[in-house]
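S.K.: Following this line is model_30.cif, made up of mmCIF, C-alpha atoms:
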```cif
data_data
#
loop_
_atom_site.label_atom_id
_atom_site.label_comp_id
_atom_site.auth_asym_id
_atom_site.auth_seq_id
_atom_site.Cartn_x
_atom_site.Cartn_y
_atom_site.Cartn_z
CA MET B 198 40.09 -53.03 -8.47
CA LYS B 199 39.15 -49.33 -8.67
CA GLU B 200 42.08 -47.04 -9.40
CA GLN B 201 42.89 -44.62 -6.47
CA THR B 202 42.80 -40.89 -7.32
CA VAL B 203 45.97 -38.97 -6.42
CA TYR B 204 45.67 -35.25 -5.66
CA THR B 205 48.31 -32.58 -5.64
CA VAL B 206 48.81 -30.44 -2.57
CA SER B 207 47.38 -27.43 -4.35
CA GLN B 208 44.31 -29.37 -5.38
CA VAL B 209 43.66 -30.45 -1.81
CA ASN B 210 44.11 -26.89 -0.50
CA HIS B 211 41.79 -25.45 -3.14
CA ALA B 212 39.19 -28.15 -2.44
CA ILE B 213 39.24 -27.39 1.27
CA LYS B 214 39.07 -23.65 0.50
CA LEU B 215 36.01 -24.25 -1.67
CA MET B 216 34.32 -26.39 0.99
CA LEU B 217 34.86 -23.75 3.68
CA GLU B 218 33.70 -20.85 1.53
CA GLU B 219 30.55 -22.70 0.44
CA HIS B 220 29.60 -23.55 4.00
CA PRO B 221 26.87 -21.03 4.97
CA GLY B 222 27.96 -20.88 8.63
CA PHE B 223 31.50 -19.80 7.72
CA ARG B 224 30.54 -16.92 5.40
CA ASN B 225 29.51 -14.46 8.13
CA LEU B 226 30.94 -15.82 11.32
CA PHE B 227 31.26 -14.10 14.73
CA VAL B 228 34.24 -15.25 16.79
CA GLN B 229 35.02 -14.20 20.35
CA GLY B 230 38.63 -14.30 21.50
CA GLU B 231 41.70 -12.49 22.75
CA ILE B 232 44.11 -10.77 20.35
CA SER B 233 47.70 -11.97 20.37
CA ASN B 234 50.73 -11.72 18.03
CA TYR B 235 49.24 -8.52 16.62
CA LYS B 236 51.22 -7.03 13.71
CA ALA B 237 50.31 -3.96 11.67
CA HIS B 238 51.95 -4.29 8.25
CA SER B 239 53.19 -1.24 6.36
CA SER B 240 50.64 -2.11 3.63
CA GLY B 241 47.85 -1.37 6.11
CA HIS B 242 46.86 -5.03 6.61
CA LYS B 243 46.56 -6.34 10.20
CA TYR B 244 47.73 -9.84 11.10
CA PHE B 245 46.93 -11.41 14.46
CA THR B 246 45.72 -14.48 16.29
CA LEU B 247 42.44 -14.94 18.15
CA LYS B 248 42.77 -17.28 21.09
CA ASP B 249 40.97 -18.67 24.10
CA LYS B 250 42.11 -21.11 26.76
CA ASP B 251 41.76 -24.12 24.44
CA GLY B 252 42.85 -22.98 20.99
CA VAL B 253 44.01 -20.36 18.54
CA LEU B 254 42.77 -19.07 15.18
CA SER B 255 44.89 -17.14 12.70
CA ALA B 256 43.26 -13.99 11.37
CA VAL B 257 43.90 -11.22 8.89
CA MET B 258 42.15 -7.89 8.38
CA PHE B 259 42.82 -6.15 5.11
CA ARG B 260 43.51 -2.43 4.90
CA SER B 261 40.10 -1.48 3.48
CA ASP B 262 38.34 -3.08 6.46
CA ALA B 263 40.93 -1.99 9.05
CA SER B 264 40.56 1.67 8.05
CA ARG B 265 36.98 1.62 9.29
CA LEU B 266 37.90 0.57 12.83
CA ARG B 267 37.12 3.15 15.52
CA PHE B 268 39.80 1.77 17.88
CA ARG B 269 43.36 0.45 17.68
CA PRO B 270 43.65 -3.30 18.28
CA GLU B 271 46.20 -4.33 20.91
CA ASN B 272 47.56 -7.59 22.28
CA GLY B 273 45.50 -8.89 25.17
CA MET B 274 42.34 -7.09 24.05
CA LYS B 275 39.18 -9.23 24.09
CA VAL B 276 37.16 -8.70 20.93
CA VAL B 277 34.31 -10.12 18.85
CA ALA B 278 35.42 -10.44 15.21
CA ARG B 279 33.06 -10.81 12.24
CA GLY B 280 34.26 -12.39 9.02
CA ARG B 281 34.62 -15.54 6.98
CA ILE B 282 36.75 -18.69 7.26
CA SER B 283 38.88 -19.70 4.30
CA VAL B 284 42.22 -21.23 3.37
CA TYR B 285 45.32 -19.57 2.01
CA PRO B 286 46.17 -22.24 -0.59
CA LYS B 287 49.87 -21.49 -0.80
CA TYR B 288 50.46 -22.58 2.79
CA GLY B 289 47.41 -24.77 3.33
CA GLN B 290 46.51 -22.78 6.42
CA TYR B 291 42.98 -21.89 7.21
CA GLN B 292 42.33 -18.50 8.79
CA MET B 293 39.67 -15.96 9.47
CA TYR B 294 39.34 -13.00 7.14
CA VAL B 295 37.98 -10.31 9.48
CA ALA B 296 35.64 -7.70 8.04
CA ASP B 297 34.75 -5.95 11.29
CA MET B 298 35.73 -6.10 14.93
CA MET B 299 34.51 -4.63 18.19
CA PRO B 300 35.78 -4.79 21.76
CA ASP B 301 34.12 -7.45 23.84
CA GLY B 302 32.14 -6.00 26.75
CA ILE B 303 32.60 -2.27 25.91
CA GLY B 304 31.85 -0.29 22.79
CA ALA B 305 34.43 0.34 20.10
CA LEU B 306 33.88 4.08 20.41
CA THR B 307 34.67 3.99 24.12
CA VAL B 308 37.90 2.10 23.45
CA ALA B 309 38.83 4.50 20.64
CA PHE B 310 38.11 7.47 22.91
CA GLU B 311 40.37 6.17 25.69
CA GLN B 312 43.16 5.20 23.30
CA LEU B 313 43.22 8.59 21.58
CA LYS B 314 42.96 10.44 24.88
CA GLN B 315 45.96 8.55 26.26
CA ARG B 316 48.04 9.09 23.14
CA LEU B 317 47.34 12.83 22.93
CA TYR B 318 47.97 13.19 26.66
CA GLU B 319 51.39 11.59 26.25
CA GLU B 320 52.14 13.97 23.37
CA GLY B 321 51.39 16.94 25.64
CA LEU B 322 48.28 18.27 23.89
CA PHE B 323 46.47 18.56 27.23
CA ASP B 324 49.28 20.34 29.12
CA PRO B 325 48.04 23.39 31.11
CA GLU B 326 51.02 25.52 30.04
CA HIS B 327 49.74 25.37 26.45
CA LYS B 328 46.38 26.88 27.40
CA LYS B 329 45.84 30.44 26.21
CA PRO B 330 43.86 32.94 28.31
CA LEU B 331 40.59 34.27 26.96
CA PRO B 332 40.45 37.97 26.05
CA ARG B 333 38.63 40.02 28.69
CA LEU B 334 36.73 42.13 26.14
CA PRO B 335 36.56 40.24 22.85
CA GLN B 336 35.44 42.31 19.90
CA ARG B 337 35.10 39.47 17.35
CA ILE B 338 33.75 36.00 18.15
CA ALA B 339 33.74 33.04 15.76
CA ILE B 340 31.26 30.20 16.34
CA VAL B 341 32.05 26.92 14.59
CA THR B 342 28.91 24.81 14.77
CA SER B 343 25.78 23.72 12.94
CA PRO B 344 23.72 26.68 11.68
CA THR B 345 20.53 24.94 12.84
CA GLY B 346 19.48 23.69 16.22
CA ALA B 347 18.98 25.05 19.70
CA ALA B 348 22.71 25.27 20.56
CA VAL B 349 23.56 28.03 18.08
CA ARG B 350 20.37 29.94 18.86
CA ASP B 351 21.12 29.88 22.59
CA MET B 352 24.68 31.09 22.05
CA LEU B 353 23.66 33.96 19.77
CA ARG B 354 20.89 35.02 22.15
CA ILE B 355 23.18 35.03 25.22
CA LEU B 356 26.02 36.83 23.41
CA LYS B 357 23.66 39.56 22.22
CA ARG B 358 22.14 39.99 25.66
CA ARG B 359 25.40 39.99 27.61
CA TYR B 360 27.72 41.83 25.25
CA PRO B 361 25.94 43.32 22.22
CA VAL B 362 29.00 45.30 21.04
CA ALA B 363 30.84 42.11 19.97
CA GLN B 364 30.75 41.04 16.33
CA VAL B 365 29.69 37.39 16.02
CA GLN B 366 30.60 35.39 12.90
CA LEU B 367 29.02 31.96 12.38
CA TYR B 368 31.03 29.30 10.54
CA PRO B 369 28.42 26.68 9.58
CA VAL B 370 29.69 23.09 9.65
CA LEU B 371 28.42 19.56 10.03
CA VAL B 372 28.66 18.42 13.64
CA GLN B 373 27.63 14.81 13.11
CA GLY B 374 28.21 12.07 10.57
CA ALA B 375 30.73 11.50 7.80
CA GLY B 376 32.94 14.48 7.03
CA ALA B 377 31.89 16.46 10.12
CA ALA B 378 35.31 16.31 11.81
CA ALA B 379 37.09 17.52 8.68
CA GLU B 380 34.69 20.47 8.30
CA ILE B 381 35.16 21.50 11.93
CA ALA B 382 38.96 21.34 11.65
CA GLN B 383 38.95 23.29 8.37
CA ALA B 384 36.73 26.02 9.86
CA ILE B 385 39.04 26.47 12.87
CA GLU B 386 42.02 26.70 10.52
CA ALA B 387 40.18 29.24 8.34
CA VAL B 388 39.41 31.52 11.30
CA ASN B 389 43.12 31.49 12.24
CA ARG B 390 44.29 32.03 8.69
CA ARG B 391 42.02 35.04 8.20
CA GLY B 392 42.51 36.44 11.68
CA GLU B 393 38.81 37.16 11.92
CA ALA B 394 38.25 36.52 15.63
CA ASP B 395 39.59 37.13 19.12
CA VAL B 396 38.09 33.88 20.40
CA ILE B 397 36.55 30.74 18.88
CA ILE B 398 33.61 28.72 20.24
CA THR B 399 33.15 25.26 18.76
CA GLY B 400 30.62 22.66 19.82
CA ARG B 401 27.09 21.36 19.54
CA GLY B 402 24.16 20.27 21.66
CA GLY B 403 23.94 17.01 23.56
CA GLY B 404 23.59 13.52 22.16
CA SER B 405 24.98 10.00 22.31
CA LEU B 406 28.66 9.18 22.08
CA GLU B 407 28.10 8.41 18.42
CA ASP B 408 26.43 11.80 17.88
CA LEU B 409 29.29 13.68 19.55
CA TRP B 410 32.02 11.64 17.89
CA ALA B 411 33.18 14.38 15.50
CA PHE B 412 34.62 16.22 18.51
CA ASN B 413 36.56 13.08 19.49
CA GLU B 414 38.39 12.89 16.17
CA GLU B 415 42.14 13.48 16.14
CA ILE B 416 41.91 15.96 13.27
CA VAL B 417 39.72 18.29 15.36
CA ALA B 418 41.92 17.91 18.44
CA ARG B 419 45.04 18.90 16.49
CA ALA B 420 43.29 21.86 14.82
CA ILE B 421 42.33 23.17 18.26
CA TYR B 422 45.83 22.57 19.60
CA VAL B 423 47.61 24.56 16.86
CA SER B 424 45.06 27.41 16.90
CA GLU B 425 46.67 30.75 17.70
CA ILE B 426 43.24 32.04 18.73
CA PRO B 427 41.88 30.81 22.09
CA VAL B 428 39.29 28.07 21.68
CA ILE B 429 36.31 27.30 23.93
CA SER B 430 34.96 23.75 23.62
CA ALA B 431 31.20 23.58 24.16
CA VAL B 432 30.02 20.07 23.40
CA GLY B 433 26.85 18.47 24.72
CA HIS B 434 25.57 18.63 28.27
CA GLU B 435 27.64 18.96 31.42
CA PRO B 436 28.32 15.20 31.89
CA ASP B 437 29.47 14.85 28.26
CA VAL B 438 33.25 14.92 27.84
CA THR B 439 35.06 14.88 24.50
CA ILE B 440 38.68 14.98 23.35
CA SER B 441 38.06 18.58 22.26
CA ASP B 442 37.33 19.48 25.89
CA PHE B 443 40.78 18.28 26.96
CA VAL B 444 42.65 20.11 24.17
CA ALA B 445 40.71 23.39 24.18
CA ASP B 446 41.95 26.40 26.12
CA VAL B 447 38.67 26.48 28.08
CA ARG B 448 35.98 23.82 28.45
CA ALA B 449 32.37 24.94 28.81
CA SER B 450 29.78 22.59 30.27
CA THR B 451 27.22 23.54 27.59
CA PRO B 452 27.03 25.84 24.54
CA SER B 453 25.09 28.35 26.65
CA ASN B 454 27.80 28.26 29.28
CA ALA B 455 30.38 28.89 26.55
CA ALA B 456 28.62 32.11 25.56
CA GLU B 457 28.58 33.23 29.21
CA ILE B 458 32.27 32.43 29.64
CA CYS B 459 33.26 34.11 26.39
CA VAL B 460 32.03 37.63 27.10
CA PRO B 461 31.46 39.79 30.17
CA ASP B 462 28.02 40.95 31.21
CA SER B 463 27.53 44.47 29.85
CA MET B 464 25.09 45.25 32.68
CA ALA B 465 27.76 44.30 35.22
CA ILE B 466 30.26 46.49 33.36
CA ARG B 467 27.87 49.44 33.47
CA GLU B 468 27.31 48.92 37.19
CA PHE B 469 31.05 48.71 37.74
CA LEU B 470 31.61 51.93 35.78
CA ARG B 471 28.88 53.71 37.74
CA ASN B 472 30.47 52.64 41.02
CA ALA B 473 33.91 53.59 39.78
CA ASP B 474 32.62 57.00 38.68
CA SER B 475 31.08 57.55 42.08
CA VAL B 476 34.29 56.59 43.84
CA LEU B 477 36.38 58.82 41.56
CA GLN B 478 34.10 61.79 42.11
CA GLY B 479 34.27 61.26 45.86
CA ASN B 480 38.07 61.05 45.75
CA ILE B 481 38.33 64.17 43.60
CA GLN B 482 36.02 66.08 45.93
CA GLU B 483 38.09 65.03 48.93
CA ILE B 484 41.31 66.13 47.21
CA LEU B 485 39.78 69.51 46.30
CA THR B 486 38.58 70.03 49.90
CA ASN B 487 42.04 69.24 51.31
CA ARG B 488 43.72 71.57 48.81
CA ARG B 489 41.25 74.33 49.68
CA LEU B 490 42.02 73.95 53.39
CA GLN B 491 45.75 74.06 52.64
CA LEU B 492 45.28 77.20 50.56
CA GLU B 493 43.33 78.87 53.34
CA ALA B 494 46.04 77.98 55.84
CA LEU B 495 48.69 79.45 53.57
CA ASP B 496 46.63 82.58 53.08
CA LYS B 497 46.69 83.16 56.82
CA ARG B 498 50.48 83.09 57.04
CA ARG B 499 52.11 86.53 57.43
CA LYS B 500 54.79 86.03 54.80
CA LEU B 501 52.11 85.52 52.17
CA ARG B 502 49.72 88.18 53.37
CA THR B 503 52.48 90.87 53.80
CA PRO B 504 55.50 89.69 51.82
CA MET B 505 57.45 92.99 52.30
CA GLY B 506 57.16 92.66 56.06
CA TYR B 507 58.51 89.13 55.81
CA ILE B 508 61.40 90.41 53.65
CA GLN B 509 62.10 93.22 56.16
CA ASP B 510 62.26 90.70 59.02
CA LYS B 511 64.75 88.62 57.10
CA ARG B 512 66.80 91.75 56.31
CA PHE B 513 67.05 92.52 60.04
CA GLU B 514 68.13 88.96 60.72
CA LEU B 515 70.77 89.23 57.99
CA GLU B 516 72.15 92.51 59.37
CA HIS B 517 72.35 91.00 62.86
CA VAL B 518 74.22 87.94 61.59
CA THR B 519 76.51 90.18 59.50
CA GLY B 520 77.41 92.26 62.61
CA GLN B 521 78.15 89.14 64.60
CA MET B 522 80.38 87.79 61.85
CA THR B 523 82.24 91.14 61.52
CA ALA B 524 82.92 91.33 65.29
CA ALA B 525 84.11 87.73 65.35
CA MET B 526 86.44 88.41 62.42
CA GLN B 527 87.92 91.52 64.12
CA GLN B 528 88.61 89.51 67.26
CA ILE B 529 90.36 86.83 65.21
CA LEU B 530 92.46 89.47 63.37
CA ALA B 531 93.43 91.19 66.64
CA ALA B 532 94.55 87.91 68.19
CA ASP B 533 96.56 86.99 65.08
CA ARG B 534 98.17 90.45 65.02
CA GLN B 535 99.28 90.07 68.66
CA ARG B 536 100.81 86.66 67.97
CA PHE B 537 102.63 88.10 64.96
CA VAL B 538 104.18 90.89 67.02
CA GLU B 539 105.35 88.41 69.66
CA GLN B 540 106.91 86.07 67.09
CA ALA B 541 108.68 89.00 65.31
CA ALA B 542 110.22 90.18 68.61
CA TYR B 543 111.38 86.61 69.33
CA LEU B 544 113.00 86.29 65.90
CA ASP B 545 114.65 89.71 66.22
CA ALA B 546 116.16 88.80 69.57
CA TYR B 547 117.74 85.65 68.20
CA SER B 548 118.77 87.16 64.85
CA PRO B 549 122.47 86.58 63.85
CA LEU B 550 122.63 90.24 62.85
CA LYS B 551 122.12 91.23 66.49
CA VAL B 552 125.18 89.16 67.40
CA LEU B 553 127.21 90.75 64.64
CA ALA B 554 126.15 94.15 65.86
CA ARG B 555 127.91 93.45 69.15
CA GLY B 556 131.30 93.06 67.37
CA TYR B 557 131.21 89.46 66.36
CA SER B 558 131.74 88.25 62.79
CA VAL B 559 131.02 85.11 60.78
CA VAL B 560 133.66 83.26 58.75
CA THR B 561 132.57 81.20 55.72
CA LYS B 562 134.49 79.11 53.25
CA GLU B 563 132.86 78.25 49.99
CA GLY B 564 129.53 79.21 51.50
CA GLN B 565 129.99 76.97 54.57
CA VAL B 566 130.21 78.51 58.06
CA ILE B 567 133.61 77.77 59.66
CA SER B 568 133.27 77.04 63.36
CA SER B 569 136.69 75.37 63.85
CA SER B 570 140.23 76.12 62.63
CA ALA B 571 140.56 72.44 61.82
CA LYS B 572 138.51 73.10 58.70
CA LEU B 573 141.06 75.63 57.36
CA ARG B 574 144.31 75.22 55.50
CA LYS B 575 147.02 77.70 54.70
CA GLU B 576 146.27 79.79 51.63
CA ASP B 577 142.51 79.10 51.96
CA GLU B 578 140.33 81.93 50.84
CA ILE B 579 137.69 82.86 53.35
CA PHE B 580 134.96 85.49 53.70
CA VAL B 581 134.50 87.39 56.92
CA ARG B 582 131.07 88.99 57.47
CA PHE B 583 130.63 91.89 59.85
CA ALA B 584 127.52 93.64 61.08
CA LYS B 585 128.08 96.00 58.20
CA GLY B 586 129.92 94.70 55.16
CA GLY B 587 132.56 91.96 54.89
CA ALA B 588 136.07 91.16 53.71
CA VAL B 589 137.74 88.45 51.59
CA CYS B 590 140.84 87.17 53.38
CA ARG B 591 143.57 84.59 52.82
CA VAL B 592 144.77 82.30 55.59
CA GLU B 593 148.51 82.64 56.27
CA GLN B 594 148.68 80.56 59.40
CA VAL B 595 146.32 78.10 61.10
CA LYS B 596 146.40 77.83 64.87
CA ARG B 597 144.81 74.76 66.39
CA LYS B 598 144.72 76.29 69.84
CA CYS B 599 144.38 79.87 70.99
#
```
Will you turn the file into structure tokens for me?

M.R.:
Amino acid sequence: MKEQTVYTVSQVNHAIKLMLEEHPGFRNLFVQGEISNYKAHSSGHKYFTLKDKDGVLSAVMFRSDASRLRFRPENGMKVVARGRISVYPKYGQYQMYVADMMPDGIGALTVAFEQLKQRLYEEGLFDPEHKKPLPRLPQRIAIVTSPTGAAVRDMLRILKRRYPVAQVQLYPVLVQGAGAAAEIAQAIEAVNRRGEADVIITGRGGGSLEDLWAFNEEIVARAIYVSEIPVISAVGHEPDVTISDFVADVRASTPSNAAEICVPDSMAIREFLRNADSVLQGNIQEILTNRRLQLEALDKRRKLRTPMGYIQDKRFELEHVTGQMTAAMQQILAADRQRFVEQAAYLDAYSPLKVLARGYSVVTKEGQVISSSAKLRKEDEIFVRFAKGGAVCRVEQVKRKC
């Protein structure tokens, strides 16, 4: 009887792992499913499950592969994952090691665009109150774009035609491919750091979503957001919309439109100044005419033509008023004098001295007038006043009745 081989658990797991990894169909496998139990580990690895209505498949995506994703995986998202099937020997669990992943039905870039747009919107980077107004007459303009291509030529041509007095500084950067977003962000930061512009235009000509992707990167959006200098986003054609358009202070439909928005038309300014000059001259002429008419009217007035005659008239008026005031004052004084005489006669008639002159006298005691003998006592000292002079007397007898 043949002896039965006994395997350890580890041996079985490693054997299965080897079988799966050597199977050609499991080395580069595409699996369609819905993400569930998604967990992003602090190490950068992503752990999740792919499922459909009949089964589930454990999956892991290591940090090096996950860093290349253009979108953020979420639970419930339908995706197509590419990778290999193998076994983790320690637990004897087979799983899919995902190397790449894309949303099922829509492109990864579209998903990444919508996810970043929503996140930045919630952070407030698109809020209108953060938008800065463009300067009306910019003297220095910075253009952050590719130094080649029709877009930059169109912008330079329009700026020179519309507003030739402005100084235009080109900051050449990549606008497509690896490293483009970082160059754009660094150029915007450099313009702010040096203070070399009153306004910044950043953008490029049209293209596919992939071509325009540098202006959908978060690093560019945040550089535009923190810029102290107003930024005009000018990416692609009018239907093209990027994250930069939402964050920028002003969105232009095309690079050419950005140049038109950025500066005023010098011809329109000249026409405005000519009209303003004409209006001012007309207003000044009207003012001078009115002042001339006023001067002529003043010249015809007598007090200006013959000032001494005017002064003489006023002197006559003053003398007349003075005479009236003098007469009125004399009448007042005469009336007051008459009242004074009448009051003096009245006081003289009722004067106590008049009574004394008729033989009467006034008796006082300690300065008080004595009108009754009841106020006197024997030996009281009294003063008797006559019409002329007086006498100090002593009471020897008081009579209550006379």

S.K.: Expand the PyMOL selection byres ((chain B and resi 353) around 12) into the explicit residue set it covers here, and present it as a PyMOL selection string.

M.R.: chain B and resi 338-340+342+344-352+354-361+363-367+398+452-457+459-460

S.K.: What are the nearest atom pairs, with distances in Å to one decimal, for all residues of region 399-505 of chain B that come at most 12 Å from region 255-267 of chain B, using all atoms listed in the file, set out by chain and rising residue number as CSV?

M.R.:
```
residue,atom,partner,partner_atom,distance
B:Glu407,CA,B:Arg267,CA,10.8
B:Trp410,CA,B:Arg267,CA,10.2
B:Ala411,CA,B:Arg267,CA,11.9
B:Asn413,CA,B:Arg267,CA,10.7
B:Glu414,CA,B:Arg267,CA,9.8
B:Glu415,CA,B:Arg267,CA,11.5
```

S.K.: Taking C-alpha atoms for each residue, export the selection above as an mmCIF file, in the coordinates of the input.

M.R.:
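out.cif was written with the following content:
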```cif
data_model
loop_
_atom_site.group_PDB
_atom_site.id
_atom_site.type_symbol
_atom_site.label_atom_id
_atom_site.label_comp_id
_atom_site.auth_asym_id
_atom_site.auth_seq_id
_atom_site.Cartn_x
_atom_site.Cartn_y
_atom_site.Cartn_z
ATOM 1 C CA GLU B 407 28.100 8.410 18.420
ATOM 2 C CA TRP B 410 32.020 11.640 17.890
ATOM 3 C CA ALA B 411 33.180 14.380 15.500
ATOM 4 C CA ASN B 413 36.560 13.080 19.490
ATOM 5 C CA GLU B 414 38.390 12.890 16.170
ATOM 6 C CA GLU B 415 42.140 13.480 16.140
#
```

S.K.: Find the residues near Gly400 (chain B): any atom within 6 Å, counting only C-alpha atoms, skip ones fewer than 3 places away on the same chain, and give them as a list in words.

M.R.: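 Residues meeting the cut-off are Thr342, Ser430, Ala431 and Val432 of chain B.
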
S.K.: Quick one: residues within 8 Å of region 316-325 of chain B, only C-alpha atoms, excluding same-chain residues fewer than 2 positions away - as an MDAnalysis selection string?

M.R.: chainID B and resid 312:314 327:328 422 443:444

S.K.: Distance CA of Glu563 (chain B)-CA of Phe580 (chain B), one decimal place?

M.R.: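 Between CA of Glu563 (chain B) and CA of Phe580 (chain B) the gap works out to 8.4 Å.
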
S.K.: In Å to one decimal, how far is CA of Ser558 (chain B) from CA of Arg582 (chain B)?

M.R.: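 CA of Ser558 (chain B) lies 5.4 Å from CA of Arg582 (chain B).
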